[in-house]
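All remarks here apply to the structure that follows.
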Amino acid sequence: MASSTLISDTQPWKELQAHAVDVKKTHLRDLLSNEERSRSMVVEFDGILLDYSRQLATVETREKLFKLAEVASLKEKINRMYKGEHINSTENRSVLHVALRAPRDSVIQSDGKNVVPDVWNVLDKIKEFSERIRSGSWVGATGKQLKDVVAVGIGGSFLGPLFVHTALQTDPEAIESARGRQLRFLANVDPIDVARNITGLNPETTLVVIVSKTFTTAETMLNARTLREWISSALGASAVAKHMVAVSTNLTLVEKFGIDPNNAFAFWDWVGGRYSVCSAVGVLPLSLQYGFSVIEKFLKGASSIDQHMHSEQFERNLPVLLGLLSVWNVSFLGYPARAILPYSQALEKFAPHIQQVSMESNGKGVSIDGVPLPFEAGEIDFGEPGTNGQHSFYQLIHQGRVIPCDFIGVVKSQQPVYLSGEVVSNHDELMSNFFAQPDALAYGKTSEQLKKENVPPHLVSHKTFSGNRPSLSLLLPSLNAYNIGQLLAIYEHRIAVEGFIWGINSFDQWGVELGKSLATQVRKQLNASRTKGEPVQGFNFSTTSMLTRYLKASADVPADLPTRLPKT
Ligand SMILES: O=P(O)(O)OC[C@H]1O[C@](O)(CO)[C@@H](O)[C@@H]1O
């Protein structure tokens, strides 16, 4: 396929469009009655089982999707990524998050240089630093041990680390290694988030990690200055050196901010923000909390999937299969959303993280060559852990709109609970739902069934479930650091596969810029109005009226902004 040809102009795409019309005439009930088909839709790698038999897809669909992958040059695109080519063409960068978790002796090139030694230099530095903090050989300005960490960052410098932290929090090994320590995340520029995060913390025993790839993000930098003030107003300006460190690609700005470059942990422009959890962005705060040896296992889990993604044939390649099925659902069956439903409370921050990875990566309107797309790319990702979601939005999923669902289950709970006299263990109770929901969605319940159950006629239509609602199931053996790394990498690569097929650049994010620049204009106006009484001007009627009302009603904010920190 010539690079400027849109994927939707190719023969395999057109064949899939025609095929979708046929597939829509079948029902999952019938598809699932074919055991051979179902058997062929179960794939296992490194302990993780994927069952995609409840996708609205036939064996022929799969073949046609592989043809689409071929015409989209999927294999070549994956190889180009692993070879460090500048596949992020609008930013002229390699995309090498796989190098962040590569074994020490591997060779991965970016711009003619093997980047793996640089990765391991930073990992070694994190290991040493986190051990010093955790052992108490590095102490705060008043000689006290630093037991608490506040990681300040937003977007990719926050969501991934928060997901991993939340997932590890209840893992027995991680609990042991985190005993007596706290890790918090300050992301929102809302001062309420500052208040929440410093409540109960003592600056004397707190280490603040500023995490920002660019070190220019407005929200993060204001929060960084706020926590610098929190520390220096309590302990004196010189305490900053002992209580603040940074993670960034922009070490010049880190130094300008007042953080010793020796206490800065680098990463590189070939790591996209939303793909950075395996860089110092995640590894530093997580190692401070759990120790490097736990986090190394997380990196190993991700690396195992990286190798699988790179070398496994497509028929057995988990991220490739998942990516192709998502393209099928979005582009051919016309389902714009995807629900991520982990049956594990430990994965409660997984969907919010994947929301950024997916929607910032694939929410694009033009091809990688800048040609407007005649089809919609990307999907709307959302999710909550089961069973909570069942008592919230599942109604819509069962009887309202069709939303392809990812059910993620875990065989062994991190925290088994059994009660004598109960029918099943608490985890079995949870998993009963994990196994039941996909069949409820697929089979539904017919009016004939309801009539046989003597449901009053006026309720039959209300109680009918059309079924034929696609889902897939991922079953993890357990949820330790290694499995968490696997799960992360499966989704990262799946999303890249989707972008490779759609022919877009999944690694830039120009769509976040416009709002940022308009906020700059508003910020200038707020300053001019508060300090010089200037009237609101240069905005449309709506914004002018709202801003004027806001300024009038908050006239008590002092123009000279004398320092005031949250009252906690
Ligand atoms: O790490 P930084 O540079 O502060 O950026 C934070 C986030 O802002 C974005 O650039 C846009 O929201 C994300 O891609 C990124 O993860």
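Labels for the structure tokens follow display order: chains A, B, ..., residues from 1 in each chain, ligands from 1.
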
Sel. of alpha helix (DSSP H) residues, range 212-293 of chain A, as a ChimeraX atom specification: /A:218-235,240-243,251-257,280-290,292-293

Close residues to ligand 1 using only C-alpha atoms and all ligand atoms, limit 10 Å, as number ranges by chain: A: 152-160, 187, 210-221, 247-250, 272-276, 281, 356-357, 360-361, 507-513, 516

Take the residues from that selection and put them in a file with C-alpha atoms, as a PDB file, in the first residue's frame.
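Result written to again_32.pdb:
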```pdb
ATOM      1  CA  VAL A 152       3.443  15.696  41.148  1.00  0.00           C
ATOM      2  CA  GLY A 153       2.504  15.210  37.491  1.00  0.00           C
ATOM      3  CA  ILE A 154      -0.462  15.005  35.156  1.00  0.00           C
ATOM      4  CA  GLY A 155      -1.658  12.939  32.165  1.00  0.00           C
ATOM      5  CA  GLY A 156       0.971  10.403  31.192  1.00  0.00           C
ATOM      6  CA  SER A 157       3.107  11.596  34.092  1.00  0.00           C
ATOM      7  CA  PHE A 158       0.383  10.485  36.496  1.00  0.00           C
ATOM      8  CA  LEU A 159      -2.220   8.010  35.231  1.00  0.00           C
ATOM      9  CA  GLY A 160       0.065   5.049  34.530  1.00  0.00           C
ATOM     10  CA  ALA A 187      -2.208  15.916  39.436  1.00  0.00           C
ATOM     11  CA  ILE A 210       8.131  16.425  40.179  1.00  0.00           C
ATOM     12  CA  VAL A 211       7.301  14.354  37.113  1.00  0.00           C
ATOM     13  CA  SER A 212       7.037  16.127  33.790  1.00  0.00           C
ATOM     14  CA  LYS A 213       8.417  15.113  30.431  1.00  0.00           C
ATOM     15  CA  THR A 214       8.574  18.709  29.221  1.00  0.00           C
ATOM     16  CA  PHE A 215       8.853  20.441  32.616  1.00  0.00           C
ATOM     17  CA  THR A 216       6.613  23.147  31.149  1.00  0.00           C
ATOM     18  CA  THR A 217       3.118  21.750  31.772  1.00  0.00           C
ATOM     19  CA  ALA A 218       1.232  24.608  33.435  1.00  0.00           C
ATOM     20  CA  GLU A 219      -0.637  22.481  35.970  1.00  0.00           C
ATOM     21  CA  THR A 220       2.410  20.514  37.069  1.00  0.00           C
ATOM     22  CA  MET A 221       4.670  23.535  37.329  1.00  0.00           C
ATOM     23  CA  VAL A 247      11.859  13.150  36.508  1.00  0.00           C
ATOM     24  CA  SER A 248      12.066  14.801  33.105  1.00  0.00           C
ATOM     25  CA  THR A 249      13.546  14.871  29.620  1.00  0.00           C
ATOM     26  CA  ASN A 250      14.287  18.572  30.153  1.00  0.00           C
ATOM     27  CA  GLY A 272       5.637   9.268  24.699  1.00  0.00           C
ATOM     28  CA  GLY A 273       4.070  10.711  27.862  1.00  0.00           C
ATOM     29  CA  ARG A 274       1.243   8.167  27.944  1.00  0.00           C
ATOM     30  CA  TYR A 275       3.746   5.359  27.276  1.00  0.00           C
ATOM     31  CA  SER A 276       6.145   6.497  30.009  1.00  0.00           C
ATOM     32  CA  VAL A 281       8.079   8.533  35.484  1.00  0.00           C
ATOM     33  CA  GLN A 356      -5.476   8.294  27.963  1.00  0.00           C
ATOM     34  CA  VAL A 357      -3.344   5.706  26.163  1.00  0.00           C
ATOM     35  CA  GLU A 360      -4.916  10.471  23.155  1.00  0.00           C
ATOM     36  CA  SER A 361      -3.243   8.017  20.767  1.00  0.00           C
ATOM     37  CA  PHE A 507       2.128   8.883  19.078  1.00  0.00           C
ATOM     38  CA  ASP A 508       1.430  12.613  18.792  1.00  0.00           C
ATOM     39  CA  GLN A 509      -1.287  14.622  20.576  1.00  0.00           C
ATOM     40  CA  TRP A 510      -1.784  17.950  18.804  1.00  0.00           C
ATOM     41  CA  GLY A 511      -5.406  17.928  19.897  1.00  0.00           C
ATOM     42  CA  VAL A 512      -4.489  19.025  23.411  1.00  0.00           C
ATOM     43  CA  GLU A 513      -2.826  22.267  22.279  1.00  0.00           C
ATOM     44  CA  LYS A 516      -3.973  25.131  26.414  1.00  0.00           C
TER      45      LYS A 516
END
```

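Backbone DSSP of range 267-389 of chain A yields strand (DSSP E or B) at A:Ala337, A:Arg338, A:Ala339, A:Ile340, A:Leu341, A:Pro342, A:Val366, A:Pro372, A:Ile380, A:Asp381, A:Phe382.
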
Just want the 8 Å neighbourhood of Leu475 in chain A, counted on only C-alpha atoms, with same-chain residues fewer than 3 positions away dropped. Output as a list in words.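 What passes the distance filter is Ile48, Leu49, Leu50, Ile408, Gly409, Val410 and Val411 of chain A.
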
Go ahead and write the selection's residues with C-alpha atoms as a PDB file, in the first residue's frame.
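This went into part.pdb:
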```pdb
ATOM      1  CA  ILE A  48      -2.657 -15.104  30.168  1.00  0.00           C
ATOM      2  CA  LEU A  49      -5.680 -16.518  28.409  1.00  0.00           C
ATOM      3  CA  LEU A  50      -7.630 -14.580  25.796  1.00  0.00           C
ATOM      4  CA  ILE A 408     -10.588  -8.958  32.742  1.00  0.00           C
ATOM      5  CA  GLY A 409     -10.504 -11.638  35.428  1.00  0.00           C
ATOM      6  CA  VAL A 410      -7.875 -12.930  37.813  1.00  0.00           C
ATOM      7  CA  VAL A 411      -7.612 -16.587  38.933  1.00  0.00           C
TER       8      VAL A 411
END
```

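With CA of Ala442 in chain A on one side and CA of Tyr335 in chain A on the other, the separation reads 15.3 Å.
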
Go ahead and compute the interatomic distance for CA of Ala195 in chain A and CA of Pro566 in chain A, in Å to one decimal. 5.3 Å
